[in-house]
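Q: Quick one: the structure is below, questions incoming.
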Amino acid sequence: MITGQHYIGGHWCGEPQTTNTSFNPAQNAALPWCFAEAGQSELHNLTEQASAAFALYRDVTASARADFLDTIAAELQQRKADIVSSMVLETALTAARAETELGRTCNQLRLFASELRQLGEDADESLQN
């Protein structure tokens, strides 16, 4: 579901504006959903939240990072129908091509997860530095 808001620090924020719309290139027309503008305070909040998240995430083990990537891939797959329909509208790709692109993304996430698991403790040590 497209909300048009920003998701920062675990919270939805920003009010969508009618001047910030998505576009359908196949029909040369704006799509019905609008997006919020990020101002200086949102950008500052975003960078602060990202910095805090990195401080925590850098200590996460390779195995936990792998699980995280697998979870992202699974969530994308669960939302496949919505993602593909949005991709078709916003890019003019065919549904088959959009599904291929989504599948490629999920496979790359799973590949990186697999690599993290294979590296195990060596990855944990490298990630700490």
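We label chains A, B, ... in the order they appear in the structure tokens, count residues from 1 in each chain, and number ligands from 1 in the order shown.
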Could you name the residues that touch segment 28-33 of chain A at 12 Å or less, counting only C-alpha atoms, but leaving out those on the same chain fewer than 6 positions away, as a tab-separated table (two decimals) with all heavy atoms, in the first residue's frame?
A:
```tsv
chain	number	residue	atom	x	y	z
A	1	MET	N	0.84	-1.18	0.00
A	1	MET	CA	0.00	0.00	0.00
A	1	MET	C	0.89	1.25	0.00
A	1	MET	O	1.78	1.39	0.83
A	1	MET	CB	-0.88	-0.02	1.24
A	1	MET	CG	-1.75	1.18	1.37
A	1	MET	SD	-2.84	0.94	2.78
A	1	MET	CE	-3.01	2.60	3.29
A	2	ILE	N	0.66	2.11	-0.92
A	2	ILE	CA	1.45	3.34	-1.02
A	2	ILE	C	0.79	4.42	-0.16
A	2	ILE	O	-0.36	4.79	-0.39
A	2	ILE	CB	1.57	3.79	-2.48
A	2	ILE	CG1	2.30	2.71	-3.29
A	2	ILE	CG2	2.27	5.14	-2.57
A	2	ILE	CD1	2.37	2.98	-4.76
A	3	THR	N	1.55	4.89	0.83
A	3	THR	CA	1.02	5.94	1.71
A	3	THR	C	1.47	7.32	1.30
A	3	THR	O	0.83	8.31	1.65
A	3	THR	CB	1.46	5.72	3.17
A	3	THR	OG1	2.88	5.92	3.25
A	3	THR	CG2	1.09	4.34	3.67
A	4	GLY	N	2.59	7.40	0.60
A	4	GLY	CA	3.14	8.69	0.22
A	4	GLY	C	3.89	9.38	1.34
A	4	GLY	O	4.34	10.50	1.20
A	5	GLN	N	4.04	8.68	2.46
A	5	GLN	CA	4.74	9.26	3.60
A	5	GLN	C	6.16	8.69	3.69
A	5	GLN	O	6.50	7.72	3.02
A	5	GLN	CB	3.99	8.94	4.89
A	5	GLN	CG	2.63	9.61	4.97
A	5	GLN	CD	1.92	9.25	6.26
A	5	GLN	OE1	1.57	8.10	6.46
A	5	GLN	NE2	1.75	10.24	7.12
A	15	GLU	N	3.20	14.75	5.16
A	15	GLU	CA	1.90	14.75	4.51
A	15	GLU	C	2.07	14.78	2.99
A	15	GLU	O	2.76	15.66	2.47
A	15	GLU	CB	1.09	15.97	4.97
A	15	GLU	CG	0.63	15.89	6.40
A	15	GLU	CD	-0.22	14.67	6.70
A	15	GLU	OE1	-1.11	14.34	5.88
A	15	GLU	OE2	0.02	14.03	7.74
A	16	PRO	N	1.47	13.81	2.29
A	16	PRO	CA	1.58	13.80	0.83
A	16	PRO	C	1.06	15.11	0.24
A	16	PRO	O	0.08	15.68	0.72
A	16	PRO	CB	0.71	12.62	0.42
A	16	PRO	CG	0.70	11.74	1.63
A	16	PRO	CD	0.73	12.67	2.80
A	17	GLN	N	1.73	15.58	-0.80
A	17	GLN	CA	1.35	16.82	-1.47
A	17	GLN	C	0.96	16.53	-2.91
A	17	GLN	O	1.59	15.71	-3.58
A	17	GLN	CB	2.52	17.81	-1.44
A	17	GLN	CG	2.97	18.14	-0.04
A	17	GLN	CD	4.27	18.93	-0.04
A	17	GLN	OE1	4.76	19.35	-1.08
A	17	GLN	NE2	4.82	19.13	1.14
A	18	THR	N	-0.06	17.21	-3.37
A	18	THR	CA	-0.56	16.94	-4.72
A	18	THR	C	0.45	17.30	-5.81
A	18	THR	O	0.32	16.85	-6.94
A	18	THR	CB	-1.87	17.71	-4.98
A	18	THR	OG1	-1.63	19.10	-4.79
A	18	THR	CG2	-2.97	17.22	-4.04
A	19	THR	N	1.46	18.07	-5.48
A	19	THR	CA	2.47	18.43	-6.48
A	19	THR	C	3.52	17.34	-6.66
A	19	THR	O	4.27	17.37	-7.63
A	19	THR	CB	3.19	19.74	-6.09
A	19	THR	OG1	3.74	19.59	-4.78
A	19	THR	CG2	2.22	20.92	-6.11
A	20	ASN	N	3.59	16.39	-5.74
A	20	ASN	CA	4.57	15.29	-5.81
A	20	ASN	C	3.84	14.00	-6.13
A	20	ASN	O	3.44	13.26	-5.23
A	20	ASN	CB	5.33	15.15	-4.49
A	20	ASN	CG	6.14	16.37	-4.17
A	20	ASN	OD1	6.58	17.07	-5.05
A	20	ASN	ND2	6.35	16.61	-2.89
A	21	THR	N	3.67	13.72	-7.39
A	21	THR	CA	2.94	12.51	-7.79
A	21	THR	C	3.86	11.54	-8.52
A	21	THR	O	4.90	11.92	-9.04
A	21	THR	CB	1.76	12.86	-8.73
A	21	THR	OG1	2.29	13.44	-9.92
A	21	THR	CG2	0.78	13.80	-8.07
A	22	SER	N	3.41	10.32	-8.56
A	22	SER	CA	4.06	9.32	-9.38
A	22	SER	C	3.50	9.47	-10.80
A	22	SER	O	2.44	10.07	-10.98
A	22	SER	CB	3.78	7.93	-8.81
A	22	SER	OG	4.60	6.98	-9.40
A	86	SER	N	2.38	-1.84	-9.14
A	86	SER	CA	2.94	-0.48	-9.07
A	86	SER	C	4.07	-0.31	-10.07
A	86	SER	O	4.17	0.73	-10.74
A	86	SER	CB	3.47	-0.19	-7.66
A	86	SER	OG	2.42	-0.15	-6.74
A	87	MET	N	4.92	-1.33	-10.19
A	87	MET	CA	6.03	-1.26	-11.15
A	87	MET	C	5.50	-1.11	-12.58
A	87	MET	O	6.04	-0.32	-13.37
A	87	MET	CB	6.90	-2.51	-11.06
A	87	MET	CG	7.78	-2.57	-9.84
A	87	MET	SD	8.67	-4.13	-9.70
A	87	MET	CE	9.82	-4.04	-11.08
A	88	VAL	N	4.46	-1.85	-12.92
A	88	VAL	CA	3.89	-1.78	-14.26
A	88	VAL	C	3.37	-0.37	-14.53
A	88	VAL	O	3.63	0.22	-15.58
A	88	VAL	CB	2.78	-2.83	-14.44
A	88	VAL	CG1	1.97	-2.58	-15.70
A	88	VAL	CG2	3.37	-4.23	-14.46
A	89	LEU	N	2.66	0.20	-13.56
A	89	LEU	CA	2.12	1.55	-13.73
A	89	LEU	C	3.21	2.61	-13.81
A	89	LEU	O	3.12	3.55	-14.59
A	89	LEU	CB	1.16	1.88	-12.59
A	89	LEU	CG	-0.17	1.14	-12.58
A	89	LEU	CD1	-0.93	1.43	-11.30
A	89	LEU	CD2	-1.00	1.52	-13.80
A	90	GLU	N	4.25	2.48	-13.00
A	90	GLU	CA	5.27	3.52	-12.92
A	90	GLU	C	6.38	3.40	-13.96
A	90	GLU	O	7.12	4.35	-14.18
A	90	GLU	CB	5.89	3.53	-11.53
A	90	GLU	CG	4.93	4.01	-10.47
A	90	GLU	CD	5.56	4.10	-9.09
A	90	GLU	OE1	6.62	3.49	-8.87
A	90	GLU	OE2	4.98	4.78	-8.24
A	91	THR	N	6.52	2.25	-14.58
A	91	THR	CA	7.64	2.05	-15.50
A	91	THR	C	7.22	1.67	-16.92
A	91	THR	O	8.05	1.70	-17.83
A	91	THR	CB	8.57	0.93	-14.99
A	91	THR	OG1	7.84	-0.32	-15.01
A	91	THR	CG2	9.10	1.23	-13.60
A	92	ALA	N	5.98	1.26	-17.10
A	92	ALA	CA	5.47	0.76	-18.38
A	92	ALA	C	6.11	-0.58	-18.76
A	92	ALA	O	6.04	-1.01	-19.91
A	92	ALA	CB	5.63	1.78	-19.50
```
Q: List the neighbours of segment 72-77 of chain A out to 7 Å using only C-alpha atoms; skip same-chain residues closer than 4 positions along the sequence, and give me the result as a PyMOL selection string.
A: chain A and resi 68+106+109-110
Q: How far is it from atom CA of Ser85 of chain A to atom CA of His6 of chain A, in Å with one decimal?
A: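 Spanning atom CA of Ser85 of chain A to atom CA of His6 of chain A is a straight-line distance of 20.8 Å.
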Q: Give me, as a list in words, the residues of chain A that a backbone DSSP run labels strand (DSSP E or B).
A: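 Here are the strand (DSSP E or B) residues of chain A: His6, Tyr7, Ile8, His11, Trp12, Cys13, Pro16, Gln17, Thr18, Thr19, Asn20, Thr21, Ser22, Phe23, Asn24, Ala29, Ala30, Leu31, Pro32, Trp33, Cys34, Phe35 and Ala36 of chain A.
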Q: For the residues selected in the previous step, produce a file with C-alpha atoms as a PDB file, in the first residue's frame.
A:
```
ATOM      1  CA  HIS A   6       8.302   8.808   4.843  1.00  0.00           C
ATOM      2  CA  TYR A   7       9.136   5.985   7.243  1.00  0.00           C
ATOM      3  CA  ILE A   8      11.767   7.351   9.610  1.00  0.00           C
ATOM      4  CA  HIS A  11       7.215   6.051  12.330  1.00  0.00           C
ATOM      5  CA  TRP A  12       5.301   7.300   9.302  1.00  0.00           C
ATOM      6  CA  CYS A  13       5.667  11.061   8.834  1.00  0.00           C
ATOM      7  CA  PRO A  16       1.584  13.802   0.833  1.00  0.00           C
ATOM      8  CA  GLN A  17       1.352  16.821  -1.475  1.00  0.00           C
ATOM      9  CA  THR A  18      -0.558  16.937  -4.723  1.00  0.00           C
ATOM     10  CA  THR A  19       2.474  18.433  -6.481  1.00  0.00           C
ATOM     11  CA  ASN A  20       4.567  15.293  -5.814  1.00  0.00           C
ATOM     12  CA  THR A  21       2.942  12.513  -7.790  1.00  0.00           C
ATOM     13  CA  SER A  22       4.064   9.319  -9.384  1.00  0.00           C
ATOM     14  CA  PHE A  23       3.820   9.160 -13.172  1.00  0.00           C
ATOM     15  CA  ASN A  24       2.577   6.589 -15.665  1.00  0.00           C
ATOM     16  CA  ALA A  29      -0.412  10.872 -16.922  1.00  0.00           C
ATOM     17  CA  ALA A  30       0.037  11.341 -13.202  1.00  0.00           C
ATOM     18  CA  LEU A  31      -0.922   8.426 -10.982  1.00  0.00           C
ATOM     19  CA  PRO A  32      -3.353   8.939  -8.098  1.00  0.00           C
ATOM     20  CA  TRP A  33      -0.853   8.628  -5.264  1.00  0.00           C
ATOM     21  CA  CYS A  34       1.087  11.611  -3.956  1.00  0.00           C
ATOM     22  CA  PHE A  35       4.254  11.851  -1.885  1.00  0.00           C
ATOM     23  CA  ALA A  36       5.441  13.960   1.011  1.00  0.00           C
TER      24      ALA A  36
END
```
Q: Which one of A:Ala95, A:Val84, A:Ser63, A:Arg104 sits closest to Asp122 of chain A if you count only C-alpha atoms?
A: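 Of all the options, A:Ser63 lies closest to Asp122 of chain A.
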Q: Mind listing the helix (DSSP H, G or I) residues of chain A, per DSSP on the backbone, as an NGL selection string?
A: :A and (40-57 or 62-78 or 80-91 or 95-128)
Q: Please dump the current selection as a PDB file, in the first residue's frame; keep C-alpha atoms.
A:
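Once everything was written out, this is again11.pdb:
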```pdb
ATOM      1  CA  GLN A  40      15.469  19.993   6.470  1.00  0.00           C
ATOM      2  CA  SER A  41      14.048  18.626   9.738  1.00  0.00           C
ATOM      3  CA  GLU A  42      13.070  15.300   8.121  1.00  0.00           C
ATOM      4  CA  LEU A  43      16.489  14.996   6.509  1.00  0.00           C
ATOM      5  CA  HIS A  44      18.218  15.784   9.793  1.00  0.00           C
ATOM      6  CA  ASN A  45      16.009  13.266  11.637  1.00  0.00           C
ATOM      7  CA  LEU A  46      16.661  10.681   8.945  1.00  0.00           C
ATOM      8  CA  THR A  47      20.437  11.020   9.156  1.00  0.00           C
ATOM      9  CA  GLU A  48      20.335  10.884  12.959  1.00  0.00           C
ATOM     10  CA  GLN A  49      18.185   7.738  12.857  1.00  0.00           C
ATOM     11  CA  ALA A  50      20.440   6.139  10.238  1.00  0.00           C
ATOM     12  CA  SER A  51      23.527   6.886  12.308  1.00  0.00           C
ATOM     13  CA  ALA A  52      21.925   5.358  15.412  1.00  0.00           C
ATOM     14  CA  ALA A  53      20.801   2.302  13.431  1.00  0.00           C
ATOM     15  CA  PHE A  54      24.304   1.798  12.052  1.00  0.00           C
ATOM     16  CA  ALA A  55      25.788   1.928  15.554  1.00  0.00           C
ATOM     17  CA  LEU A  56      23.537  -1.011  16.499  1.00  0.00           C
ATOM     18  CA  TYR A  57      23.668  -2.898  13.214  1.00  0.00           C
ATOM     19  CA  ALA A  62      26.739 -12.336   9.980  1.00  0.00           C
ATOM     20  CA  SER A  63      24.115 -14.999  10.658  1.00  0.00           C
ATOM     21  CA  ALA A  64      21.623 -12.432  11.936  1.00  0.00           C
ATOM     22  CA  ARG A  65      22.352 -10.191   8.944  1.00  0.00           C
ATOM     23  CA  ALA A  66      21.704 -13.158   6.668  1.00  0.00           C
ATOM     24  CA  ASP A  67      18.381 -13.774   8.406  1.00  0.00           C
ATOM     25  CA  PHE A  68      17.544 -10.097   7.951  1.00  0.00           C
ATOM     26  CA  LEU A  69      18.217 -10.261   4.204  1.00  0.00           C
ATOM     27  CA  ASP A  70      16.139 -13.439   3.886  1.00  0.00           C
ATOM     28  CA  THR A  71      13.304 -11.725   5.754  1.00  0.00           C
ATOM     29  CA  ILE A  72      13.407  -8.775   3.366  1.00  0.00           C
ATOM     30  CA  ALA A  73      13.242 -11.147   0.383  1.00  0.00           C
ATOM     31  CA  ALA A  74      10.304 -13.013   1.920  1.00  0.00           C
ATOM     32  CA  GLU A  75       8.440  -9.748   2.631  1.00  0.00           C
ATOM     33  CA  LEU A  76       8.971  -8.591  -0.945  1.00  0.00           C
ATOM     34  CA  GLN A  77       7.629 -11.920  -2.228  1.00  0.00           C
ATOM     35  CA  GLN A  78       4.576 -11.636   0.039  1.00  0.00           C
ATOM     36  CA  LYS A  80       4.568  -9.343  -5.012  1.00  0.00           C
ATOM     37  CA  ALA A  81       1.140  -8.523  -6.468  1.00  0.00           C
ATOM     38  CA  ASP A  82       1.141  -4.941  -5.141  1.00  0.00           C
ATOM     39  CA  ILE A  83       4.770  -4.337  -6.057  1.00  0.00           C
ATOM     40  CA  VAL A  84       4.382  -5.687  -9.582  1.00  0.00           C
ATOM     41  CA  SER A  85       1.220  -3.678 -10.255  1.00  0.00           C
ATOM     42  CA  SER A  86       2.944  -0.482  -9.066  1.00  0.00           C
ATOM     43  CA  MET A  87       6.028  -1.257 -11.151  1.00  0.00           C
ATOM     44  CA  VAL A  88       3.890  -1.778 -14.265  1.00  0.00           C
ATOM     45  CA  LEU A  89       2.115   1.546 -13.733  1.00  0.00           C
ATOM     46  CA  GLU A  90       5.269   3.518 -12.922  1.00  0.00           C
ATOM     47  CA  THR A  91       7.641   2.045 -15.503  1.00  0.00           C
ATOM     48  CA  ALA A  95       3.980  -7.637 -15.632  1.00  0.00           C
ATOM     49  CA  ALA A  96       6.269 -10.514 -16.622  1.00  0.00           C
ATOM     50  CA  ARG A  97       9.301  -8.209 -16.738  1.00  0.00           C
ATOM     51  CA  ALA A  98       8.364  -6.600 -13.408  1.00  0.00           C
ATOM     52  CA  GLU A  99       8.053 -10.055 -11.832  1.00  0.00           C
ATOM     53  CA  THR A 100      11.469 -10.954 -13.235  1.00  0.00           C
ATOM     54  CA  GLU A 101      13.010  -7.804 -11.754  1.00  0.00           C
ATOM     55  CA  LEU A 102      11.419  -8.489  -8.367  1.00  0.00           C
ATOM     56  CA  GLY A 103      12.597 -12.094  -8.514  1.00  0.00           C
ATOM     57  CA  ARG A 104      16.118 -10.954  -9.359  1.00  0.00           C
ATOM     58  CA  THR A 105      16.139  -8.603  -6.384  1.00  0.00           C
ATOM     59  CA  CYS A 106      14.938 -11.339  -4.031  1.00  0.00           C
ATOM     60  CA  ASN A 107      17.503 -13.778  -5.413  1.00  0.00           C
ATOM     61  CA  GLN A 108      20.304 -11.258  -4.898  1.00  0.00           C
ATOM     62  CA  LEU A 109      19.228 -10.749  -1.283  1.00  0.00           C
ATOM     63  CA  ARG A 110      19.210 -14.517  -0.754  1.00  0.00           C
ATOM     64  CA  LEU A 111      22.620 -14.846  -2.433  1.00  0.00           C
ATOM     65  CA  PHE A 112      24.118 -12.220  -0.111  1.00  0.00           C
ATOM     66  CA  ALA A 113      22.502 -13.998   2.857  1.00  0.00           C
ATOM     67  CA  SER A 114      24.024 -17.291   1.728  1.00  0.00           C
ATOM     68  CA  GLU A 115      27.449 -15.685   1.375  1.00  0.00           C
ATOM     69  CA  LEU A 116      27.221 -14.248   4.895  1.00  0.00           C
ATOM     70  CA  ARG A 117      26.356 -17.682   6.279  1.00  0.00           C
ATOM     71  CA  GLN A 118      29.244 -19.335   4.428  1.00  0.00           C
ATOM     72  CA  LEU A 119      31.717 -16.771   5.700  1.00  0.00           C
ATOM     73  CA  GLY A 120      30.467 -17.217   9.270  1.00  0.00           C
ATOM     74  CA  GLU A 121      32.921 -16.043  11.914  1.00  0.00           C
ATOM     75  CA  ASP A 122      35.284 -14.590   9.321  1.00  0.00           C
ATOM     76  CA  ALA A 123      32.473 -12.292   8.200  1.00  0.00           C
ATOM     77  CA  ASP A 124      31.694 -11.349  11.813  1.00  0.00           C
ATOM     78  CA  GLU A 125      35.283 -10.287  12.315  1.00  0.00           C
ATOM     79  CA  SER A 126      35.403  -8.326   9.042  1.00  0.00           C
ATOM     80  CA  LEU A 127      32.093  -6.618   9.759  1.00  0.00           C
ATOM     81  CA  GLN A 128      33.369  -5.365  13.096  1.00  0.00           C
TER      82      GLN A 128
END
```
